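Novice: This is the content of start07.tsv (TSV, C-alpha atoms):
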chain	number	residue	atom	x	y	z
E	24	MET	CA	0.00	0.00	0.00
E	25	THR	CA	2.88	2.34	0.63
E	26	SER	CA	4.06	4.14	-2.47
E	27	THR	CA	7.81	4.35	-2.84
E	28	HIS	CA	8.22	5.79	-6.31
E	29	ILE	CA	9.15	9.21	-4.98
E	30	SER	CA	12.83	9.49	-4.17
E	31	GLY	CA	14.24	11.34	-1.18
E	32	PRO	CA	17.06	13.87	-0.98
E	33	PRO	CA	20.60	12.49	-1.35
E	34	ALA	CA	21.67	10.41	1.64
E	35	ALA	CA	24.94	12.36	1.86
E	36	GLU	CA	23.04	15.49	2.89
E	37	LEU	CA	21.36	13.66	5.74
E	38	CYS	CA	24.69	12.13	6.80
E	39	ARG	CA	26.23	15.60	6.96
E	40	LEU	CA	23.25	16.81	8.94
E	41	LEU	CA	23.59	13.93	11.41
E	42	ASP	CA	27.35	14.45	11.77
E	43	ALA	CA	26.94	18.17	12.44
E	44	GLU	CA	24.01	17.84	14.81
E	45	LEU	CA	25.37	14.90	16.78
E	46	SER	CA	28.92	16.21	17.16
E	47	VAL	CA	30.24	15.29	20.62
E	48	HIS	CA	32.94	17.97	20.35
E	49	SER	CA	30.33	20.66	19.93
E	50	ARG	CA	28.39	19.47	22.97
E	51	ILE	CA	31.40	19.13	25.23
E	52	GLY	CA	32.69	22.48	23.93
E	53	HIS	CA	29.48	24.16	25.03
E	54	VAL	CA	29.64	22.41	28.40
E	55	ALA	CA	33.18	23.80	28.81
E	56	LEU	CA	31.95	27.25	27.75
E	57	LEU	CA	29.14	27.05	30.32
E	58	LEU	CA	31.53	26.08	33.12
E	59	ALA	CA	34.17	28.66	32.19
E	60	SER	CA	31.64	31.48	31.88
E	61	ALA	CA	30.02	30.48	35.20
E	62	ALA	CA	33.42	30.52	36.93
E	63	MET	CA	34.30	33.86	35.39
E	64	THR	CA	30.97	35.34	36.43
E	65	VAL	CA	31.41	34.12	39.99
E	66	VAL	CA	34.93	35.60	40.26
E	67	VAL	CA	33.90	38.97	38.86
E	68	ALA	CA	30.72	39.11	40.94
E	69	SER	CA	32.70	38.19	44.08
E	70	LEU	CA	35.17	41.02	43.49
E	71	TRP	CA	32.34	43.42	42.73
E	72	LEU	CA	30.40	42.53	45.88
E	73	THR	CA	33.30	42.43	48.34
E	74	GLU	CA	35.53	45.34	47.30
E	75	PRO	CA	34.69	48.30	49.55
E	76	ALA	CA	34.19	51.85	48.27
E	77	LEU	CA	34.65	51.24	44.56
E	78	PRO	CA	34.41	54.26	42.24
E	79	PRO	CA	31.18	54.34	40.21
E	80	ARG	CA	32.98	53.67	36.91
E	81	THR	CA	34.69	50.57	38.35
E	82	MET	CA	31.36	49.30	39.70
E	83	ALA	CA	29.83	49.85	36.29
E	84	ALA	CA	32.69	47.93	34.68
E	85	PHE	CA	32.18	45.00	37.11
E	86	ALA	CA	28.45	45.06	36.42
E	87	VAL	CA	29.04	44.95	32.69
E	88	MET	CA	31.54	42.07	33.01
E	89	THR	CA	29.10	40.16	35.22
E	90	LEU	CA	26.36	40.68	32.66
E	91	VAL	CA	28.66	39.48	29.88
E	92	GLY	CA	29.46	36.34	31.91
E	93	LEU	CA	25.77	35.71	32.61
E	94	SER	CA	25.02	36.15	28.91
E	95	TRP	CA	27.54	33.45	28.04
E	96	VAL	CA	26.04	31.18	30.71
E	97	ALA	CA	22.56	31.75	29.26
E	98	PHE	CA	23.75	31.25	25.69
E	99	SER	CA	25.56	27.98	26.36
E	100	GLY	CA	22.63	26.76	28.49
E	101	TRP	CA	20.25	27.52	25.63
E	102	VAL	CA	22.48	25.72	23.12
E	103	LEU	CA	22.69	22.66	25.37
E	104	SER	CA	18.95	22.53	25.91
E	105	ARG	CA	17.64	23.46	22.45
E	106	ARG	CA	20.31	23.16	19.77
E	107	ARG	CA	22.78	20.53	20.96
E	108	PRO	CA	20.85	18.69	23.68
E	109	LEU	CA	22.84	16.36	25.89
E	110	LEU	CA	21.57	12.84	25.43
E	111	GLY	CA	21.96	9.88	27.78
E	112	HIS	CA	25.62	9.07	28.24
E	113	ASP	CA	26.70	12.55	27.06
E	114	SER	CA	24.72	14.06	29.93
E	115	LEU	CA	26.53	11.74	32.37
E	116	VAL	CA	29.92	12.84	31.03
E	117	ALA	CA	28.85	16.48	31.18
E	118	GLY	CA	27.54	16.05	34.73
E	119	ARG	CA	30.77	14.46	35.96
E	120	LEU	CA	32.77	17.19	34.24
E	121	ALA	CA	30.63	19.85	35.89
E	122	VAL	CA	30.98	18.31	39.37
E	123	THR	CA	34.76	18.00	38.97
E	124	CYS	CA	35.24	21.54	37.68
E	125	THR	CA	32.94	23.25	40.20
E	126	SER	CA	34.53	21.29	43.08
E	127	THR	CA	38.01	22.28	41.90
E	128	PHE	CA	36.90	25.88	41.56
E	129	ALA	CA	35.27	26.05	44.98
E	130	GLY	CA	38.22	24.24	46.60
E	131	GLY	CA	40.71	26.57	44.91
E	132	ALA	CA	38.77	29.66	45.98
E	133	LEU	CA	38.60	28.38	49.55
E	134	ALA	CA	42.36	27.71	49.56
E	135	VAL	CA	43.07	31.22	48.28
E	136	GLY	CA	40.75	32.68	50.90
E	137	TYR	CA	42.36	30.66	53.66
E	138	SER	CA	45.92	31.58	52.64
E	139	SER	CA	45.34	35.26	51.84
E	140	GLY	CA	42.32	36.15	53.92
E	141	GLU	CA	40.62	37.76	50.89
E	142	GLN	CA	36.88	38.23	51.37
E	143	ALA	CA	36.36	37.93	47.61
E	144	ALA	CA	37.84	34.42	47.64
E	145	TYR	CA	35.44	33.31	50.41
E	146	ALA	CA	32.52	34.82	48.47
E	147	ALA	CA	33.66	32.97	45.34
E	148	ALA	CA	33.93	29.73	47.34
E	149	ALA	CA	30.40	30.22	48.69
E	150	MET	CA	29.03	30.74	45.17
E	151	GLY	CA	31.14	27.77	44.05
E	152	VAL	CA	29.24	25.61	46.55
E	153	VAL	CA	26.00	26.70	44.89
E	154	LEU	CA	27.49	25.68	41.53
E	155	ILE	CA	28.51	22.30	42.99
E	156	ALA	CA	24.96	21.76	44.22
E	157	ALA	CA	23.61	22.57	40.75
E	158	ALA	CA	26.15	20.26	39.09
E	159	VAL	CA	25.38	17.38	41.48
E	160	THR	CA	21.65	17.85	40.89
E	161	LEU	CA	22.16	17.68	37.12
E	162	LEU	CA	24.38	14.61	37.45
E	163	LEU	CA	21.86	12.78	39.64
E	164	ARG	CA	19.05	13.64	37.24
E	165	ALA	CA	21.13	12.38	34.31
E	166	ARG	CA	21.91	9.11	36.14
E	167	ARG	CA	18.22	8.56	36.97
E	168	ASN	CA	17.26	9.26	33.38
E	169	VAL	CA	19.88	6.90	31.92
E	170	ALA	CA	18.94	4.17	34.41
E	171	ARG	CA	15.24	4.53	33.50
E	172	LEU	CA	15.98	4.42	29.77
E	173	THR	CA	18.30	1.42	30.18
E	174	ARG	CA	15.67	-0.52	32.15
E	175	ARG	CA	13.01	0.20	29.54
E	176	ARG	CA	15.40	-0.70	26.74
E	177	GLU	CA	16.20	-4.07	28.32
E	178	ALA	CA	12.50	-4.81	28.81
E	179	LEU	CA	11.72	-3.95	25.19
E	180	GLU	CA	14.62	-6.03	23.90
E	181	ARG	CA	13.38	-9.01	25.92
E	182	GLU	CA	9.88	-8.59	24.47
E	183	LEU	CA	11.05	-8.15	20.90
E	184	GLU	CA	13.77	-10.79	20.86
E	185	PRO	CA	11.55	-13.89	20.27
E	186	ALA	CA	9.65	-12.18	17.45
E	187	ARG	CA	12.89	-11.03	15.85
E	188	SER	CA	14.41	-14.48	15.97
E	189	VAL	CA	11.31	-15.87	14.18
E	190	ASN	CA	10.97	-13.07	11.66
E	191	PRO	CA	14.01	-10.85	11.40
E	192	SER	CA	12.47	-8.62	8.72
E	193	ARG	CA	11.59	-5.10	9.86
E	194	ARG	CA	8.47	-3.16	9.21
E	195	ASP	CA	8.99	-0.41	6.67
E	196	GLY	CA	6.57	2.00	8.39
B	3	MET	CA	-5.43	0.03	10.58
B	4	THR	CA	-5.69	0.36	14.34
B	5	ASP	CA	-2.80	-0.02	16.78
B	6	THR	CA	-4.25	-2.94	18.71
B	7	SER	CA	-3.07	-5.62	16.28
B	8	VAL	CA	0.04	-7.64	17.16
B	9	PRO	CA	2.14	-6.35	14.23
B	10	GLY	CA	1.01	-2.81	15.06
B	11	ARG	CA	2.01	-3.22	18.71
B	12	ARG	CA	5.37	-4.67	17.72
B	13	ALA	CA	6.01	-1.81	15.33
B	14	HIS	CA	5.29	0.64	18.14
B	15	GLN	CA	7.64	-1.26	20.46
B	16	GLU	CA	10.37	-1.13	17.80
B	17	ASP	CA	9.78	2.60	17.46
B	18	GLU	CA	10.04	3.01	21.23
B	19	LEU	CA	13.26	0.99	21.36
B	20	LEU	CA	14.72	3.14	18.61
B	21	VAL	CA	13.77	6.33	20.44
B	22	ILE	CA	15.29	5.05	23.69
B	23	ARG	CA	18.56	4.19	21.94
B	24	CYS	CA	18.61	7.70	20.46
B	25	GLN	CA	17.87	9.23	23.87
B	26	LEU	CA	20.78	7.26	25.28
B	27	GLY	CA	22.94	9.00	22.69
B	28	GLU	CA	23.83	6.01	20.47
B	29	ARG	CA	24.93	7.30	17.09
B	30	PRO	CA	23.95	4.12	15.14
B	31	ALA	CA	20.41	4.51	16.48
B	32	PHE	CA	20.08	7.83	14.69
B	33	ASP	CA	21.20	6.19	11.45
B	34	ASP	CA	18.56	3.50	12.02
B	35	LEU	CA	15.94	6.14	12.76
B	36	VAL	CA	16.67	7.97	9.52
B	37	GLU	CA	16.82	4.73	7.55
B	38	ARG	CA	13.48	3.59	8.93
B	39	TRP	CA	11.54	6.85	8.72
B	40	HIS	CA	13.12	9.05	6.10
B	41	ARG	CA	11.20	7.64	3.17
B	42	PRO	CA	7.76	7.78	4.85
B	43	VAL	CA	8.44	11.34	5.99
B	44	TRP	CA	9.75	12.29	2.57
B	45	THR	CA	6.74	10.75	0.81
B	46	TYR	CA	4.29	12.57	3.06
B	47	VAL	CA	6.10	15.89	2.68
B	48	ARG	CA	6.45	15.42	-1.08
B	49	ARG	CA	2.78	14.70	-1.54
B	50	VAL	CA	1.64	17.70	0.46
B	51	ALA	CA	4.32	20.12	-0.76
B	52	GLY	CA	3.86	19.12	-4.38
B	53	ASN	CA	7.45	19.30	-5.65
B	54	ASP	CA	10.83	17.71	-5.04
B	55	ASP	CA	12.84	20.85	-4.22
B	56	ALA	CA	10.47	22.05	-1.52
B	57	ALA	CA	10.22	18.51	-0.17
B	58	SER	CA	14.02	18.27	0.11
B	59	ASP	CA	14.24	21.49	2.11
B	60	ILE	CA	11.32	20.60	4.34
B	61	ALA	CA	12.56	17.03	4.96
B	62	GLN	CA	15.93	18.41	6.07
B	63	ASP	CA	14.14	20.83	8.36
B	64	VAL	CA	12.07	17.96	9.77
B	65	TRP	CA	15.16	15.91	10.60
B	66	LEU	CA	16.85	18.91	12.14
B	67	ARG	CA	13.86	19.38	14.45
B	68	VAL	CA	13.74	15.65	15.19
B	69	LEU	CA	17.42	15.49	16.17
B	70	ARG	CA	17.07	18.52	18.41
B	71	GLY	CA	13.82	17.44	20.00
B	72	ILE	CA	14.02	13.68	20.39
B	73	GLY	CA	15.48	13.98	23.89
B	74	ARG	CA	12.23	15.60	25.01
B	75	LEU	CA	9.95	12.91	23.53
B	76	ARG	CA	8.44	11.31	26.63
B	77	ASP	CA	6.70	8.31	25.10
B	78	GLY	CA	8.78	6.63	22.40
B	79	ALA	CA	5.76	4.57	21.29
B	80	LYS	CA	4.28	7.85	20.06
B	81	LEU	CA	7.11	8.34	17.59
B	82	ARG	CA	4.85	8.25	14.51
B	83	PRO	CA	2.41	11.01	15.48
B	84	TRP	CA	5.33	13.02	16.90
B	85	LEU	CA	7.37	12.66	13.72
B	86	PHE	CA	4.53	13.42	11.34
B	87	GLY	CA	3.42	16.26	13.62
B	88	ILE	CA	6.86	17.80	13.19
B	89	ALA	CA	6.65	17.22	9.44
B	90	ARG	CA	3.27	18.90	9.35
B	91	ARG	CA	4.48	21.90	11.37
B	92	ALA	CA	7.45	22.24	9.04
B	93	LEU	CA	5.06	22.15	6.08
B	94	MET	CA	2.78	24.74	7.66
B	95	ASP	CA	5.75	26.98	8.41
B	96	ARG	CA	6.79	26.72	4.77
B	97	PHE	CA	3.29	27.48	3.54
B	98	ARG	CA	2.98	30.42	5.89
B	99	LEU	CA	6.21	31.83	4.55
B	100	GLN	CA	5.11	31.11	1.02
B	101	TYR	CA	1.64	32.56	1.22
B	102	ALA	CA	2.03	34.75	4.33
B	103	ALA	CA	-1.26	33.37	5.60
B	104	PRO	CA	-2.49	30.22	7.36
B	105	ILE	CA	-3.78	27.58	4.97
B	106	GLU	CA	-6.16	25.81	7.37
B	107	ALA	CA	-9.55	25.38	5.82
B	108	ASP	CA	-12.75	25.61	7.82
B	109	VAL	CA	-13.93	22.20	8.93
B	110	ASP	CA	-17.57	21.18	9.27
B	111	LEU	CA	-17.50	19.35	12.59
B	112	THR	CA	-21.02	18.00	12.15
B	113	ALA	CA	-20.14	16.02	9.05
B	114	ILE	CA	-18.88	12.91	10.72
B	115	ALA	CA	-18.26	9.89	8.61
B	116	ALA	CA	-20.33	6.83	9.41
B	117	SER	CA	-17.35	4.54	9.22
B	118	ALA	CA	-13.64	5.35	9.17
B	119	SER	CA	-12.42	1.81	8.73
B	120	SER	CA	-13.73	1.41	5.21
B	121	ASP	CA	-13.35	-1.56	2.93
B	122	ASP	CA	-11.85	0.38	0.07
B	123	SER	CA	-10.46	-1.79	-2.62
B	124	GLN	CA	-6.87	-1.76	-3.72
B	125	GLU	CA	-7.99	-0.24	-7.02
B	126	GLU	CA	-9.59	2.66	-5.24
B	127	ILE	CA	-6.44	3.26	-3.19
B	128	ALA	CA	-4.29	3.18	-6.31
B	129	ALA	CA	-6.66	5.61	-7.97
B	130	MET	CA	-6.63	7.72	-4.83
B	131	GLU	CA	-2.87	7.95	-5.05
B	132	ARG	CA	-3.10	9.18	-8.64
B	133	GLU	CA	-5.76	11.72	-7.86
B	134	LEU	CA	-4.26	12.83	-4.58
B	135	ALA	CA	-2.16	15.56	-6.10
B	136	ARG	CA	-5.29	17.31	-7.38
B	137	LEU	CA	-6.88	17.68	-3.95
B	138	PRO	CA	-6.50	20.71	-1.64
B	139	VAL	CA	-3.76	20.47	1.00
B	140	THR	CA	-6.08	19.72	3.96
B	141	GLU	CA	-7.71	16.76	2.23
B	142	ARG	CA	-4.45	15.57	0.71
B	143	GLU	CA	-2.61	15.39	4.01
B	144	VAL	CA	-5.35	13.60	5.93
B	145	LEU	CA	-5.67	10.97	3.19
B	146	THR	CA	-1.89	10.58	2.98
B	147	LEU	CA	-1.52	10.08	6.71
B	148	PHE	CA	-4.48	7.74	7.09
B	149	TYR	CA	-4.27	5.57	3.99
B	150	LEU	CA	-0.74	5.78	2.65
B	151	ARG	CA	1.13	6.08	5.96
B	152	GLU	CA	-1.32	3.81	7.80
B	153	LEU	CA	-1.55	5.94	10.90
B	154	SER	CA	-4.51	5.25	13.18
B	155	LEU	CA	-7.27	7.84	13.59
B	156	THR	CA	-5.83	8.76	16.99
B	157	ASP	CA	-2.35	9.18	15.56
B	158	VAL	CA	-3.66	11.31	12.69
B	159	ALA	CA	-5.56	13.42	15.22
B	160	ASP	CA	-2.32	13.88	17.21
B	161	VAL	CA	-0.39	14.84	14.08
B	162	LEU	CA	-2.99	17.36	12.93
B	163	ALA	CA	-3.63	18.59	16.49
B	164	VAL	CA	-7.40	18.23	16.04
B	165	PRO	CA	-10.03	15.97	17.67
B	166	VAL	CA	-10.64	12.50	16.24
B	167	GLY	CA	-14.08	13.64	15.09
B	168	THR	CA	-12.52	16.34	12.97
B	169	VAL	CA	-10.22	13.77	11.39
B	170	LYS	CA	-13.27	11.67	10.53
B	171	SER	CA	-15.04	14.64	9.02
B	172	ARG	CA	-11.98	15.56	6.97
B	173	LEU	CA	-11.64	11.96	5.82
B	174	PHE	CA	-15.30	11.87	4.91
B	175	ARG	CA	-15.05	15.08	2.94
B	176	ALA	CA	-11.77	14.09	1.31
B	177	ARG	CA	-13.08	10.70	0.23
B	178	ARG	CA	-16.26	12.26	-1.14
B	179	GLN	CA	-14.20	14.78	-3.06
B	180	LEU	CA	-11.91	12.05	-4.32
B	181	ARG	CA	-14.83	9.93	-5.46
B	182	ARG	CA	-16.27	12.91	-7.30
B	183	GLU	CA	-12.94	13.39	-9.04
B	184	LEU	CA	-12.78	9.70	-9.91
B	185	ASP	CA	-16.37	9.71	-11.20
B	186	THR	CA	-15.64	12.74	-13.33
B	187	GLU	CA	-12.57	11.05	-14.69
B	188	GLY	CA	-14.53	7.86	-15.37
B	189	GLU	CA	-17.28	9.70	-17.23
B	190	SER	CA	-14.82	11.60	-19.38
B	191	ALA	CA	-12.83	8.43	-20.21
What would you get if you wrote out this structure as structure tokens?

Specialist:
Amino acid sequence: MTSTHISGPPAAELCRLLDAELSVHSRIGHVALLLASAAMTVVVASLWLTEPALPPRTMAAFAVMTLVGLSWVAFSGWVLSRRRPLLGHDSLVAGRLAVTCTSTFAGGALAVGYSSGEQAAYAAAAMGVVLIAAAVTLLLRARRNVARLTRRREALERELEPARSVNPSRRDG
Amino acid sequence: MTDTSVPGRRAHQEDELLVIRCQLGERPAFDDLVERWHRPVWTYVRRVAGNDDAASDIAQDVWLRVLRGIGRLRDGAKLRPWLFGIARRALMDRFRLQYAAPIEADVDLTAIAASASSDDSQEEIAAMERELARLPVTEREVLTLFYLRELSLTDVADVLAVPVGTVKSRLFRARRQLRRELDTEGESA
């Protein structure tokens, strides 16, 4: 009943589309951009909030730099949710990367604060803890999601296996 | 043509498995997805769009949207209505750009067909395919989805984002229009 006399576009175009859209480098690159811009924003915001009696022009400069950092955070977050979504195992890798980087950042800021007594470093460490909490939340969510998908996949494979072994042909749709 | 049959249920399970593999990020699963569904999507788009060039552009757009959105598909068994829904939205976006106006026709909700699961003969379906290109877009797409793509009434309703009753009324009207075309052709032959 299905008509197949109409051809589709060349397969090479679709292959290029798949390669571009499913690029792991692009996804991990945007995760790195998100983490770097978040760290930069936290450092600048910490300096801005803890430096006493800053001249108005310096405060304005800090505000602008913080806004720039937040813009990069928003942009990379948008890319990772809408344009290059993190799927399954990629989201696990990204989550682990985020936990590692935010922990290192918060630990480094705490060490600087402890050794130099800088208020800005303690503020950065405090905001780093918030970032760690966000990263851990994302990692746990990714693990739950992958575990759920894996369970469902195994159940489906068990159900489909006998039918496949009898009739290996696939429905054309 | 309903989803309760064993082959229909198995096809839905295979769709769901494919979606889950994609959501787990397996690259070969995306190749399988394209291999399995590209031709049906292309055929649907080609029939409604009316020419190969537009169909190529729209099919690429459909796959772009699919790749970006498949992670958010909650029920993999609903792949068909989701996929053809995306194809339809891509078509509508193209038509809106082309004509700068929505192309939805008014639908008479009271004209409900007595029976959707008809016993049309193979000859009638073949003739339908030939005459399909002459029909307006609304009728063409509902017939393509229901008869040529074998989606259930519920799936077609999901794709078109209208109630099942509206799908029946569109099918009724489209079939009546198609029969009129076929009768006219028969008389002139």

Novice: Could you build a table of the residues in chain B lying no more than 7 Å from chain E, giving for each the nearest pair of atoms and their separation in Å rounded to one decimal place, using all atoms listed in the file, ordered by chain and ascending residue number, as a tab-separated table?

Specialist:
residue	atom	partner	partner_atom	distance
B:Ala13	CA	E:Arg194	CA	6.7
B:Gln15	CA	E:Leu179	CA	6.8
B:Leu19	CA	E:Arg176	CA	6.0
B:Ile22	CA	E:Leu172	CA	6.2
B:Gln25	CA	E:Leu110	CA	5.4
B:Leu26	CA	E:Gly111	CA	3.8
B:Gly27	CA	E:Leu110	CA	4.9
B:Arg38	CA	E:Asp195	CA	6.4
B:Trp39	CA	E:Gly196	CA	7.0
B:Arg41	CA	E:Gly31	CA	6.5
B:Pro42	CA	E:Gly196	CA	6.9
B:Trp44	CA	E:Gly31	CA	5.9
B:Thr45	CA	E:Ile29	CA	6.5
B:Ser58	CA	E:Pro32	CA	5.5
B:Arg70	CA	E:Arg106	CA	5.8
B:Gly73	CA	E:Leu110	CA	6.4
B:Leu150	CA	E:Thr25	CA	5.4
B:Arg151	CA	E:Thr25	CA	6.7

Novice: For the atom pair atom CA of Arg12 of chain B and atom CA of Lys80 of chain B, what is the interatomic distance in Å to one decimal place?

Specialist: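 Separation of atom CA of Arg12 of chain B and atom CA of Lys80 of chain B: 12.8 Å.
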
Novice: Measure the distance from atom CA of Ala176 of chain B to atom CA of Leu145 of chain B in Å and round it to one decimal.

Specialist: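 These two atoms are separated by 7.1 Å.
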
Novice: For Trp95 of chain E, find every residue with an atom within 9 Å (counting all atoms listed in the file), except residues of its own chain fewer than 2 positions away, and show them as a list in words.

Specialist: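 Contacts, with the query itself left out: Leu56, Leu57, Ser60, Ala61, Leu90, Val91, Gly92, Leu93, Ala97, Phe98, Ser99 and Gly100 of chain E.
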
Novice: Restricting the calculation to only C-alpha atoms: of E:Val102, E:Ala158, E:Ala149, E:Met82, which residue gets closest to Cys124 of chain E?

Specialist: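 Among the listed residues, E:Ala158 lies closest to Cys124 of chain E.
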
Novice: Considering all atoms listed in the file, state which residue in the set B:Leu69, B:Ala163, B:Ala56, B:Val139 is at the smallest distance from Ala31 of chain B.

Specialist: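 Of B:Leu69, B:Ala163, B:Ala56, B:Val139, the one nearest Ala31 of chain B, counting all atoms listed in the file, is B:Leu69.
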
Novice: For a quick check of understanding, using all atoms listed in the file, which of B:Leu184, B:Val21, B:Leu81, B:Leu134 has the smallest distance to Asp160 of chain B?

Specialist: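 Smallest separation from Asp160 of chain B among the options: B:Leu81.
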
Novice: Just the number, please: distance in Å from atom CA of Val169 of chain B to atom CA of Gly10 of chain B, one decimal.

Specialist: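 Here the two named atoms are 20.4 Å from each other.
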